[in-house]
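As provided, protein07.cif (mmCIF, C-alpha atoms and all ligand atoms) reads as follows.
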data_query
loop_
_atom_site.label_atom_id
_atom_site.label_comp_id
_atom_site.auth_asym_id
_atom_site.auth_seq_id
_atom_site.Cartn_x
_atom_site.Cartn_y
_atom_site.Cartn_z
CA MET A 89 0.00 0.00 0.00
CA ALA A 90 1.42 3.40 -0.97
CA ARG A 91 1.89 5.67 1.98
CA PRO A 92 1.72 9.44 1.60
CA SER A 93 5.17 10.89 2.12
CA LYS A 94 6.78 14.21 1.45
CA TYR A 95 9.96 12.31 0.63
CA PRO A 96 10.51 10.22 -2.49
CA THR A 97 10.09 6.49 -1.91
CA CYS A 98 12.67 3.96 -3.02
CA LEU A 99 12.16 0.20 -3.30
CA ALA A 100 15.39 -1.53 -2.31
CA LEU A 101 16.29 -5.13 -3.09
CA TYR A 102 17.05 -6.50 0.33
CA SER A 103 18.83 -9.76 1.07
CA GLY A 104 19.44 -8.95 4.73
CA GLY A 105 23.20 -8.90 4.07
CA LEU A 106 25.34 -5.95 5.07
CA ASP A 107 25.53 -4.38 1.60
CA SER A 108 21.78 -4.26 1.22
CA ILE A 109 21.40 -2.78 4.72
CA LEU A 110 24.01 -0.12 3.95
CA ALA A 111 22.41 0.81 0.62
CA CYS A 112 19.17 1.50 2.51
CA LYS A 113 20.98 3.53 5.19
CA VAL A 114 22.84 5.69 2.65
CA LEU A 115 19.55 6.65 1.04
CA GLN A 116 17.69 7.11 4.30
CA GLU A 117 20.42 9.48 5.41
CA GLN A 118 19.48 11.88 2.68
CA GLY A 119 15.78 11.79 3.46
CA ILE A 120 14.63 9.12 1.01
CA HIS A 121 11.88 6.87 2.31
CA VAL A 122 13.14 3.33 1.76
CA LEU A 123 11.03 0.19 1.58
CA ALA A 124 13.17 -2.94 1.53
CA LEU A 125 11.79 -5.81 -0.57
CA ARG A 126 12.86 -9.20 0.70
CA PHE A 127 12.15 -11.63 -2.12
CA ILE A 128 12.01 -15.27 -1.10
CA THR A 129 12.20 -18.54 -3.06
CA PRO A 130 12.80 -22.17 -2.03
CA PHE A 131 16.51 -21.39 -2.40
CA PHE A 132 16.84 -18.33 -0.23
CA GLY A 133 14.80 -16.72 2.49
CA TYR A 134 12.12 -19.42 2.51
CA LYS A 135 12.23 -19.82 6.25
CA LEU A 136 10.52 -16.43 6.41
CA LYS A 137 7.42 -17.93 4.86
CA GLY A 138 4.67 -17.61 7.44
CA ARG A 139 6.90 -15.40 9.61
CA GLU A 140 6.70 -12.27 7.51
CA GLU A 141 5.41 -10.02 10.26
CA SER A 142 8.14 -10.90 12.73
CA PHE A 143 10.78 -10.38 10.03
CA LYS A 144 9.36 -6.93 9.28
CA LYS A 145 9.33 -6.02 12.96
CA LYS A 146 12.88 -7.25 13.45
CA THR A 147 14.24 -5.43 10.42
CA LEU A 148 12.65 -2.23 11.64
CA ALA A 149 13.89 -2.72 15.20
CA ASP A 150 17.44 -3.76 14.25
CA TYR A 151 18.13 -1.41 11.35
CA GLY A 152 15.30 1.12 11.24
CA ILE A 153 14.29 -0.20 7.81
CA GLU A 154 10.72 -0.85 6.70
CA SER A 155 10.32 -4.03 4.68
CA GLU A 156 8.00 -6.34 2.78
CA VAL A 157 8.49 -10.07 2.24
CA ILE A 158 7.44 -11.25 -1.23
CA ASP A 159 7.37 -14.87 -2.38
CA ILE A 160 8.48 -15.15 -6.01
CA SER A 161 9.00 -18.93 -5.99
CA GLU A 162 6.90 -19.89 -9.01
CA ILE A 163 8.30 -17.33 -11.40
CA TYR A 164 11.81 -17.96 -10.07
CA LEU A 165 11.56 -21.69 -10.79
CA LYS A 166 10.49 -20.95 -14.34
CA MET A 167 13.57 -18.79 -14.81
CA LEU A 168 15.89 -21.30 -13.12
CA ARG A 169 15.02 -24.00 -15.65
CA ASP A 170 16.64 -22.05 -18.44
CA PRO A 171 18.28 -18.77 -17.41
CA ARG A 172 19.04 -16.56 -20.40
CA HIS A 173 22.47 -15.60 -19.08
CA GLY A 174 23.39 -19.06 -17.88
CA TYR A 175 24.59 -20.40 -14.55
CA GLY A 176 27.58 -19.45 -12.44
CA ARG A 177 29.92 -22.03 -11.00
CA TYR A 178 27.06 -24.08 -9.60
CA ILE A 179 23.36 -23.77 -10.44
CA ASN A 180 23.28 -20.11 -9.49
CA PRO A 181 21.78 -17.97 -12.25
CA CYS A 182 23.02 -14.76 -10.61
CA ILE A 183 22.49 -12.38 -13.52
CA ASP A 184 18.98 -13.61 -14.29
CA CYS A 185 18.24 -13.74 -10.56
CA LYS A 186 19.03 -10.04 -10.23
CA ILE A 187 17.12 -9.21 -13.40
CA LEU A 188 14.07 -11.06 -12.15
CA MET A 189 14.13 -9.36 -8.74
CA LEU A 190 14.46 -5.94 -10.36
CA GLN A 191 11.56 -6.71 -12.68
CA GLU A 192 9.49 -7.75 -9.68
CA ALA A 193 10.38 -4.50 -7.92
CA LEU A 194 9.61 -2.50 -11.07
CA LYS A 195 6.11 -4.04 -11.21
CA ARG A 196 5.48 -2.78 -7.69
CA LEU A 197 6.57 0.86 -8.05
CA ASP A 198 3.00 2.17 -8.33
CA GLU A 199 1.68 -0.11 -5.61
CA PHE A 200 4.16 1.37 -3.13
CA GLY A 201 4.19 4.90 -4.58
CA ALA A 202 7.92 4.65 -5.33
CA CYS A 203 9.95 6.39 -8.01
CA LEU A 204 13.30 4.60 -7.84
CA ILE A 205 14.85 1.21 -7.13
CA ALA A 206 18.10 0.60 -5.27
CA THR A 207 20.36 -2.38 -4.76
CA GLY A 208 23.34 -3.04 -2.51
CA GLU A 209 25.51 -4.17 -5.44
CA VAL A 210 29.16 -3.19 -5.29
CA LEU A 211 31.20 -2.95 -8.47
CA GLY A 212 33.65 -5.87 -8.75
CA GLN A 213 32.55 -7.63 -5.61
CA ARG A 214 31.20 -10.80 -7.22
CA PRO A 215 32.75 -12.44 -10.25
CA MET A 216 29.54 -13.14 -12.16
CA SER A 217 26.93 -10.55 -11.41
CA GLN A 218 28.86 -7.51 -10.21
CA ARG A 219 31.30 -6.90 -13.03
CA ARG A 220 30.76 -3.63 -14.85
CA ASP A 221 29.40 -5.36 -17.97
CA SER A 222 27.08 -7.60 -15.92
CA LEU A 223 25.72 -4.66 -13.96
CA ARG A 224 24.98 -2.93 -17.24
CA ILE A 225 23.21 -6.03 -18.62
CA ILE A 226 21.17 -6.41 -15.44
CA GLU A 227 20.00 -2.81 -15.69
CA ARG A 228 19.20 -3.07 -19.40
CA ASP A 229 17.44 -6.46 -19.35
CA SER A 230 15.40 -5.69 -16.25
CA GLY A 231 14.01 -2.55 -17.88
CA THR A 232 15.08 -0.39 -14.94
CA GLU A 233 17.33 2.04 -16.83
CA GLY A 234 16.93 5.51 -15.42
CA LEU A 235 15.27 4.17 -12.27
CA LEU A 236 18.00 2.01 -10.82
CA LEU A 237 20.53 3.28 -8.33
CA ARG A 238 23.45 1.47 -6.72
CA PRO A 239 24.17 3.80 -3.82
CA LEU A 240 27.33 2.00 -2.64
CA SER A 241 29.09 2.22 -6.01
CA ALA A 242 27.24 5.08 -7.68
CA LEU A 243 30.36 7.24 -8.12
CA HIS A 244 31.87 4.62 -10.43
CA PHE A 245 29.03 5.08 -12.91
CA SER A 246 27.67 8.01 -14.91
CA PRO A 247 24.95 9.91 -13.08
CA THR A 248 21.54 8.28 -13.49
CA ALA A 249 18.35 10.16 -14.34
CA ILE A 250 17.44 9.95 -10.64
CA GLU A 251 20.54 11.93 -9.78
CA THR A 252 20.35 14.45 -12.62
CA ARG A 253 16.69 15.15 -11.77
CA GLY A 254 17.77 15.90 -8.23
CA ILE A 255 15.70 13.14 -6.59
CA VAL A 256 18.91 11.83 -5.06
CA ASP A 257 21.95 13.89 -4.08
CA ARG A 258 24.88 12.29 -5.90
CA SER A 259 27.42 13.98 -3.66
CA ARG A 260 26.14 11.83 -0.77
CA LEU A 261 26.45 8.53 -2.62
CA LEU A 262 29.51 6.27 -2.40
CA GLY A 263 32.26 4.92 -4.62
CA LEU A 264 32.96 1.47 -3.15
CA SER A 265 34.37 -1.26 -5.34
CA GLY A 266 36.15 -4.61 -5.15
CA ARG A 267 35.95 -7.65 -2.99
CA GLY A 268 37.24 -6.15 0.26
CA ARG A 269 34.85 -5.63 3.13
CA LYS A 270 36.78 -3.04 5.13
CA ASP A 271 34.81 -0.01 3.90
CA GLN A 272 31.51 -1.75 4.50
CA MET A 273 32.55 -2.70 8.02
CA ALA A 274 33.55 0.87 8.76
CA LEU A 275 30.19 2.07 7.46
CA ALA A 276 28.42 -0.51 9.64
CA VAL A 277 30.13 1.01 12.66
CA ARG A 278 29.15 4.49 11.53
CA TYR A 279 25.49 3.50 11.21
CA GLY A 280 25.53 1.60 14.49
CA ILE A 281 24.91 -1.75 12.82
CA LYS A 282 26.26 -4.39 15.13
CA ARG A 283 24.91 -7.66 13.81
CA TYR A 284 24.53 -8.75 10.22
CA PRO A 285 24.76 -12.06 8.33
CA ALA A 286 28.00 -13.27 6.74
CA PRO A 287 28.41 -12.25 3.09
CA ALA A 288 27.16 -14.61 0.36
CA GLY A 289 25.38 -16.83 2.86
CA GLY A 290 21.88 -18.07 2.47
CA CYS A 291 21.54 -19.03 -1.20
CA VAL A 292 21.64 -22.80 -1.66
CA LEU A 293 22.12 -22.41 -5.40
CA THR A 294 25.78 -21.78 -4.65
CA ASP A 295 26.10 -24.82 -2.41
CA PRO A 296 28.15 -27.43 -4.33
CA ILE A 297 26.24 -30.45 -3.03
CA ILE A 298 22.73 -29.09 -3.13
CA SER A 299 23.21 -27.44 -6.51
CA GLN A 300 24.49 -30.72 -7.95
CA ARG A 301 21.43 -32.48 -6.60
CA LEU A 302 19.12 -29.80 -7.95
CA LYS A 303 20.65 -30.24 -11.40
CA CYS A 304 19.88 -33.95 -11.20
CA ILE A 305 16.34 -33.32 -10.10
CA PHE A 306 15.77 -30.81 -12.90
CA GLY A 307 17.09 -33.42 -15.31
CA LEU A 308 14.83 -36.16 -14.01
CA TRP A 309 11.66 -34.15 -13.39
CA PRO A 310 11.76 -30.90 -15.35
CA ASP A 311 8.31 -29.86 -14.12
CA LEU A 312 9.38 -29.89 -10.46
CA GLY A 313 7.70 -27.51 -8.05
CA VAL A 314 8.47 -25.58 -4.88
CA ASN A 315 7.91 -28.58 -2.61
CA ASP A 316 10.33 -30.69 -4.72
CA CYS A 317 13.01 -28.01 -4.40
CA LEU A 318 12.59 -27.95 -0.63
CA LEU A 319 12.77 -31.74 -0.55
CA ALA A 320 15.99 -31.66 -2.57
CA GLN A 321 17.64 -29.82 0.33
CA LEU A 322 17.09 -32.61 2.85
CA GLY A 323 18.28 -36.14 3.48
CA ARG A 324 19.72 -38.95 1.37
CA HIS A 325 18.38 -39.43 -2.15
CA PHE A 326 17.73 -42.57 -4.18
CA LEU A 327 16.38 -43.20 -7.66
CA LEU A 328 14.34 -46.39 -7.79
CA PRO A 329 14.02 -48.42 -11.00
CA ASP A 330 10.54 -47.06 -11.77
CA ARG A 331 12.14 -43.59 -11.73
CA SER A 332 10.58 -42.78 -8.39
CA TRP A 333 12.35 -40.70 -5.77
CA LEU A 334 13.04 -41.85 -2.23
CA VAL A 335 14.42 -39.48 0.41
CA ILE A 336 15.57 -40.72 3.81
CA GLY A 337 16.00 -38.31 6.73
CA ARG A 338 19.42 -38.15 8.34
CA ARG A 339 18.49 -36.74 11.69
CA GLU A 340 15.48 -35.93 13.84
CA ARG A 341 14.95 -32.47 12.43
CA GLU A 342 15.11 -33.72 8.87
CA ASN A 343 12.59 -36.44 9.68
CA SER A 344 10.09 -33.83 10.90
CA LYS A 345 10.74 -31.67 7.86
CA LEU A 346 10.18 -34.63 5.55
CA VAL A 347 6.84 -35.29 7.19
CA SER A 348 5.88 -31.63 6.79
CA LEU A 349 6.66 -31.84 3.05
CA MET A 350 4.44 -34.88 2.46
CA THR A 351 1.93 -34.12 -0.24
CA LYS A 352 -0.77 -35.94 -2.24
CA GLY A 353 0.59 -39.08 -3.84
CA ASP A 354 3.61 -39.37 -1.50
CA ILE A 355 4.19 -42.44 0.61
CA GLN A 356 5.67 -42.17 4.09
CA LEU A 357 7.93 -44.95 5.37
CA ASN A 358 8.45 -45.68 9.07
CA MET A 359 10.09 -48.59 10.84
CA VAL A 360 7.53 -50.75 12.64
CA SER A 361 9.41 -52.07 15.63
CA ALA A 362 12.71 -50.24 15.81
CA PRO A 363 13.64 -46.60 15.94
CA GLY A 364 14.82 -45.27 12.62
CA PRO A 365 14.60 -42.50 10.10
CA VAL A 366 11.56 -41.43 8.12
CA GLY A 367 11.38 -41.99 4.37
CA LEU A 368 9.42 -40.00 1.83
CA TRP A 369 8.72 -41.81 -1.43
CA ARG A 370 7.57 -39.62 -4.31
CA LYS A 371 6.66 -40.04 -7.96
CA THR A 372 5.77 -43.72 -7.79
CA ASP A 373 2.48 -45.06 -9.18
CA SER A 374 2.75 -48.63 -7.99
CA ASP A 375 3.93 -50.74 -5.09
CA THR A 376 6.30 -52.74 -7.30
CA TYR A 377 9.40 -51.47 -5.51
CA ALA A 378 7.90 -51.16 -2.03
CA ALA A 379 10.19 -53.86 -0.58
CA LEU A 380 13.19 -52.15 -2.14
CA ALA A 381 12.19 -48.77 -0.69
CA ALA A 382 11.62 -50.43 2.69
CA GLY A 383 15.01 -52.14 2.44
CA ILE A 384 16.75 -48.81 1.86
CA LEU A 385 15.10 -47.37 4.95
CA CYS A 386 16.20 -50.44 6.97
CA ARG A 387 19.83 -49.83 5.99
CA TYR A 388 19.76 -46.64 8.04
CA THR A 389 18.62 -48.24 11.27
CA LYS A 390 20.61 -50.14 13.85
CA MET A 391 19.15 -53.35 12.38
CA LYS A 392 21.13 -52.78 9.21
CA GLY A 393 21.48 -56.00 7.24
CA GLN A 394 18.56 -57.76 8.89
CA PRO A 395 15.09 -58.12 7.40
CA ALA A 396 12.63 -55.78 9.13
CA ASP A 397 9.09 -54.52 8.72
CA VAL A 398 8.34 -51.06 7.46
CA GLU A 399 5.01 -49.28 7.50
CA LEU A 400 4.03 -47.56 4.27
CA SER A 401 1.32 -44.96 4.69
CA CYS A 402 -0.36 -42.30 2.63
CA PRO A 403 -1.02 -39.52 5.15
CA GLY A 404 -4.37 -37.88 4.76
CA ILE A 405 -6.13 -40.92 3.29
CA GLY A 406 -5.36 -43.37 6.04
CA LYS A 407 -4.05 -46.11 3.69
CA LYS A 408 -1.40 -48.22 5.41
CA ARG A 409 0.40 -51.46 4.83
CA ILE A 410 3.39 -53.32 6.23
CA VAL A 411 6.20 -54.43 3.95
CA ARG A 412 9.21 -56.56 4.77
CA GLY A 413 12.31 -54.65 3.61
CA LEU A 414 14.73 -56.33 1.23
CA VAL A 415 18.16 -57.01 2.62
CA LEU A 416 20.51 -54.75 0.71
CA SER A 417 24.24 -54.54 0.65
CA ASP A 418 26.25 -51.33 0.87
CA ARG A 419 26.94 -51.73 -2.83
CA ASP A 420 23.21 -51.86 -3.66
CA ILE A 421 22.64 -48.74 -1.63
CA GLU A 422 25.49 -46.93 -3.26
CA ARG A 423 24.27 -47.86 -6.70
CA LEU A 424 20.75 -46.56 -6.07
CA ASN A 425 22.20 -43.35 -4.75
CA THR A 426 24.58 -43.07 -7.68
CA ASP A 427 21.76 -43.76 -10.16
CA PHE A 428 20.06 -40.66 -8.86
CA HIS A 429 23.03 -38.51 -9.80
CA ARG A 430 23.97 -40.43 -12.95
CA TYR A 431 20.55 -40.29 -14.62
CA GLY A 432 19.85 -36.80 -13.44
CA ASN A 433 23.08 -35.49 -14.88
CA ARG A 434 22.78 -37.30 -18.16
CA HIS A 435 19.41 -35.75 -18.85
CA ARG A 436 20.17 -32.40 -17.39
CA HIS A 437 18.65 -30.17 -20.02
CA PRO A 438 14.98 -29.56 -19.26
CA ASP A 439 13.96 -30.03 -22.90
CA ASN A 440 15.20 -33.58 -22.91
CA ILE A 441 12.78 -36.38 -22.34
CA VAL A 442 14.14 -38.51 -19.57
CA THR A 443 14.20 -42.23 -20.12
CA VAL A 444 15.77 -44.18 -17.33
CA HIS A 445 16.64 -47.65 -18.41
CA ILE A 446 17.29 -50.09 -15.62
CA PRO A 447 17.10 -53.74 -16.67
CA PRO A 448 13.89 -55.34 -15.36
CA GLY A 449 14.04 -57.94 -12.65
CA GLN A 450 17.11 -56.53 -10.98
CA TRP A 451 15.32 -56.10 -7.71
S1 LIG B 501 23.80 -16.02 -5.11
FE1 LIG B 501 21.71 -16.77 -5.29
S2 LIG B 501 20.43 -15.08 -4.52
FE2 LIG B 501 22.46 -14.24 -4.96
S3 LIG B 501 22.30 -13.46 -7.05
FE3 LIG B 501 23.13 -15.53 -7.18
S4 LIG B 501 21.34 -16.84 -7.49
FE4 LIG B 501 20.60 -14.87 -6.75
#
What would you get if you wrote out this structure as structure tokens?
Amino acid sequence: MARPSKYPTCLALYSGGLDSILACKVLQEQGIHVLALRFITPFFGYKLKGREESFKKKTLADYGIESEVIDISEIYLKMLRDPRHGYGRYINPCIDCKILMLQEALKRLDEFGACLIATGEVLGQRPMSQRRDSLRIIERDSGTEGLLLRPLSALHFSPTAIETRGIVDRSRLLGLSGRGRKDQMALAVRYGIKRYPAPAGGCVLTDPIISQRLKCIFGLWPDLGVNDCLLAQLGRHFLLPDRSWLVIGRRERENSKLVSLMTKGDIQLNMVSAPGPVGLWRKTDSDTYAALAAGILCRYTKMKGQPADVELSCPGIGKKRIVRGLVLSDRDIERLNTDFHRYGNRHRHPDNIVTVHIPPGQW
């Protein structure tokens, strides 16, 4: 909702990291009303889902910054399947990520009565998205030319329309650049900012293990959704011969999270008479490999190597049955886990039709 203000309003992309906090402070200092937009997706910021109000209160209390939390998961997933500017070292589409967030901010200018957009980008700080040419591409392809300001590095660029029109006082903007953090830390002291998250934390698309797994999942199930992406960040993963997906929790917290991610069509696996992890079995249409799935779960209990009963249930519809788990060797387990990565990688491009061929009768 737009709020009447005698000061111009700026929408700031806000990750919660120090640079984005400082960009807001630099503008606030010259009387600009700043509204920080915290975009969230299954890959960053998702723990704020359902806790938006407490985040807003905390951001205001800690930094004196007003904020909004906006879930852009669906549109982000669409972009992540095939980012125009490609991926970084892992599955991080940093340039397209920035473009998308700026476009989302641009769409909301009228809603919030804003006339400019700011980011905490610093020239040369990140290899992919903060080079001079990348910053230029981000501005051009997001359609924010003339509206976008990078307060921390503004003096390294020609004055923007916002500066020449006098909306922002260029002489009070900064000329930071490079990978060092010393200037930012000094500014934090000046603004009385005592606590802030470590740089570059919080985006799982730059995590080597999770990004590798996400690539596999994209390859196997190109139409994956938000819940699938959250599932990809938990547990141990196995590809069963019918191309179904079994995830086994590694610790108590993961077990509870797995249960919270159960959705229509999923099967939950629990040990019947021994403590053990929880399994979530997804994308299967038959019980053909139930004993195999149960056997995998059994491998992660203390009864490893012995036949044991596993309860298979479909939460919500009350359907349950008990299955005796197959006895599997470490090699079997490793192969099922490797299959997940092997087939996923081979069919990585989303346009490919995935055909997993595992000889019948192996299990
Ligand atoms: S690290 Fe993640 S959140 Fe940051 S720009 Fe890259 S993809 Fe986006």
Handout entry: Which of A:His121, A:Arg214, A:Arg172, A:Lys166 sits closest to ligand LIG 501 (chain B) [using all atoms listed in the file]
Key = A:Arg214
Exercise for the section: Compute the set of protein, DNA and RNA residues whose minimum atom distance to ligand LIG 501 (chain B) is at most 6 Å, using only C-alpha atoms and all ligand atoms, and state it as a list of chain:residue names. Expected result: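 Counting only what the definition allows, namely only C-alpha atoms and all ligand atoms, the set is A:Asn180, A:Pro181, A:Cys182, A:Cys185, A:Lys186, A:Cys291, A:Leu293.
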Could the residues in this selection be written to a file with C-alpha atoms, as a JSON list (two decimals), in the coordinates of the input?
[["chain", "number", "residue", "atom", "x", "y", "z"],
["A", 180, "ASN", "CA", 23.28, -20.11, -9.49],
["A", 181, "PRO", "CA", 21.78, -17.97, -12.25],
["A", 182, "CYS", "CA", 23.02, -14.76, -10.61],
["A", 185, "CYS", "CA", 18.24, -13.74, -10.56],
["A", 186, "LYS", "CA", 19.03, -10.04, -10.23],
["A", 291, "CYS", "CA", 21.54, -19.03, -1.20],
["A", 293, "LEU", "CA", 22.12, -22.41, -5.40]]
Practice task
Take atom CA of Gln191 of chain A and atom CA of Glu209 of chain A and report the distance between them in Å, one decimal.
Solution key: 15.9 Å
Problem - Neighbours of point (18.7, -3.8, -3.1) within 10 Å, using all atoms listed in the file, written as a PyMOL selection string - result: chain A and resi 98-105+107-112+123-126+186+189-190+193+205-209+236-239
Exercise for the section: Using all atoms listed in the file, determine which residues lie at most 10 Å from Met391 of chain A, disregarding the query and same-chain residues fewer than 3 positions distant; provide the list as a ChimeraX atom specification. Expected result: /A:362-364,386-388,394-396
Go ahead and write the residues just picked, C-alpha atoms, as a PDB file, in the coordinates of the input.
ATOM      1  CA  ALA A 362      12.710 -50.240  15.810  1.00  0.00           C
ATOM      2  CA  PRO A 363      13.640 -46.600  15.940  1.00  0.00           C
ATOM      3  CA  GLY A 364      14.820 -45.270  12.620  1.00  0.00           C
ATOM      4  CA  CYS A 386      16.200 -50.440   6.970  1.00  0.00           C
ATOM      5  CA  ARG A 387      19.830 -49.830   5.990  1.00  0.00           C
ATOM      6  CA  TYR A 388      19.760 -46.640   8.040  1.00  0.00           C
ATOM      7  CA  GLN A 394      18.560 -57.760   8.890  1.00  0.00           C
ATOM      8  CA  PRO A 395      15.090 -58.120   7.400  1.00  0.00           C
ATOM      9  CA  ALA A 396      12.630 -55.780   9.130  1.00  0.00           C
TER      10      ALA A 396
END
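Compared by their closest atoms to Met167 of chain A, and using all atoms listed in the file, the residues A:Val256, A:Ala149, A:Leu188, A:Ala381 rank with A:Leu188 nearest.
Of the residues listed (A:Ile250, A:Cys317, A:Ala274, A:Asp184), A:Asp184 shows the shortest atom-to-atom separation from Ser230 of chain A; distances use only C-alpha atoms.
Residues lying at most 10 Å from (14.5, -31.7, 7.0) in file coordinates, with only C-alpha atoms considered, are A:Leu318, A:Leu319, A:Ala320, A:Gln321, A:Leu322, A:Gly323, A:Ile336, A:Gly337, A:Arg338, A:Arg339, A:Glu340, A:Arg341, A:Glu342, A:Asn343, A:Ser344, A:Lys345, A:Leu346, A:Val347, A:Ser348, A:Leu349.
Distance annotation: of A:Asp257, A:Asp420, A:Asn315, A:Pro403, the residue with the minimal separation from Gly119 of chain A is A:Asp257; atom set is all atoms listed in the file.
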Handout entry: Atom-to-atom span, atom CA of Lys270 of chain A and atom CA of Leu240 of chain A, Å
Key = 13.2 Å
Handout entry: Residue with smallest distance to Leu165 of chain A - pool A:Pro296, A:Pro310, A:Gly201, A:Pro285, counting only C-alpha atoms
Key =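 Counting only C-alpha atoms, the residue closest to Leu165 of chain A is A:Pro310.
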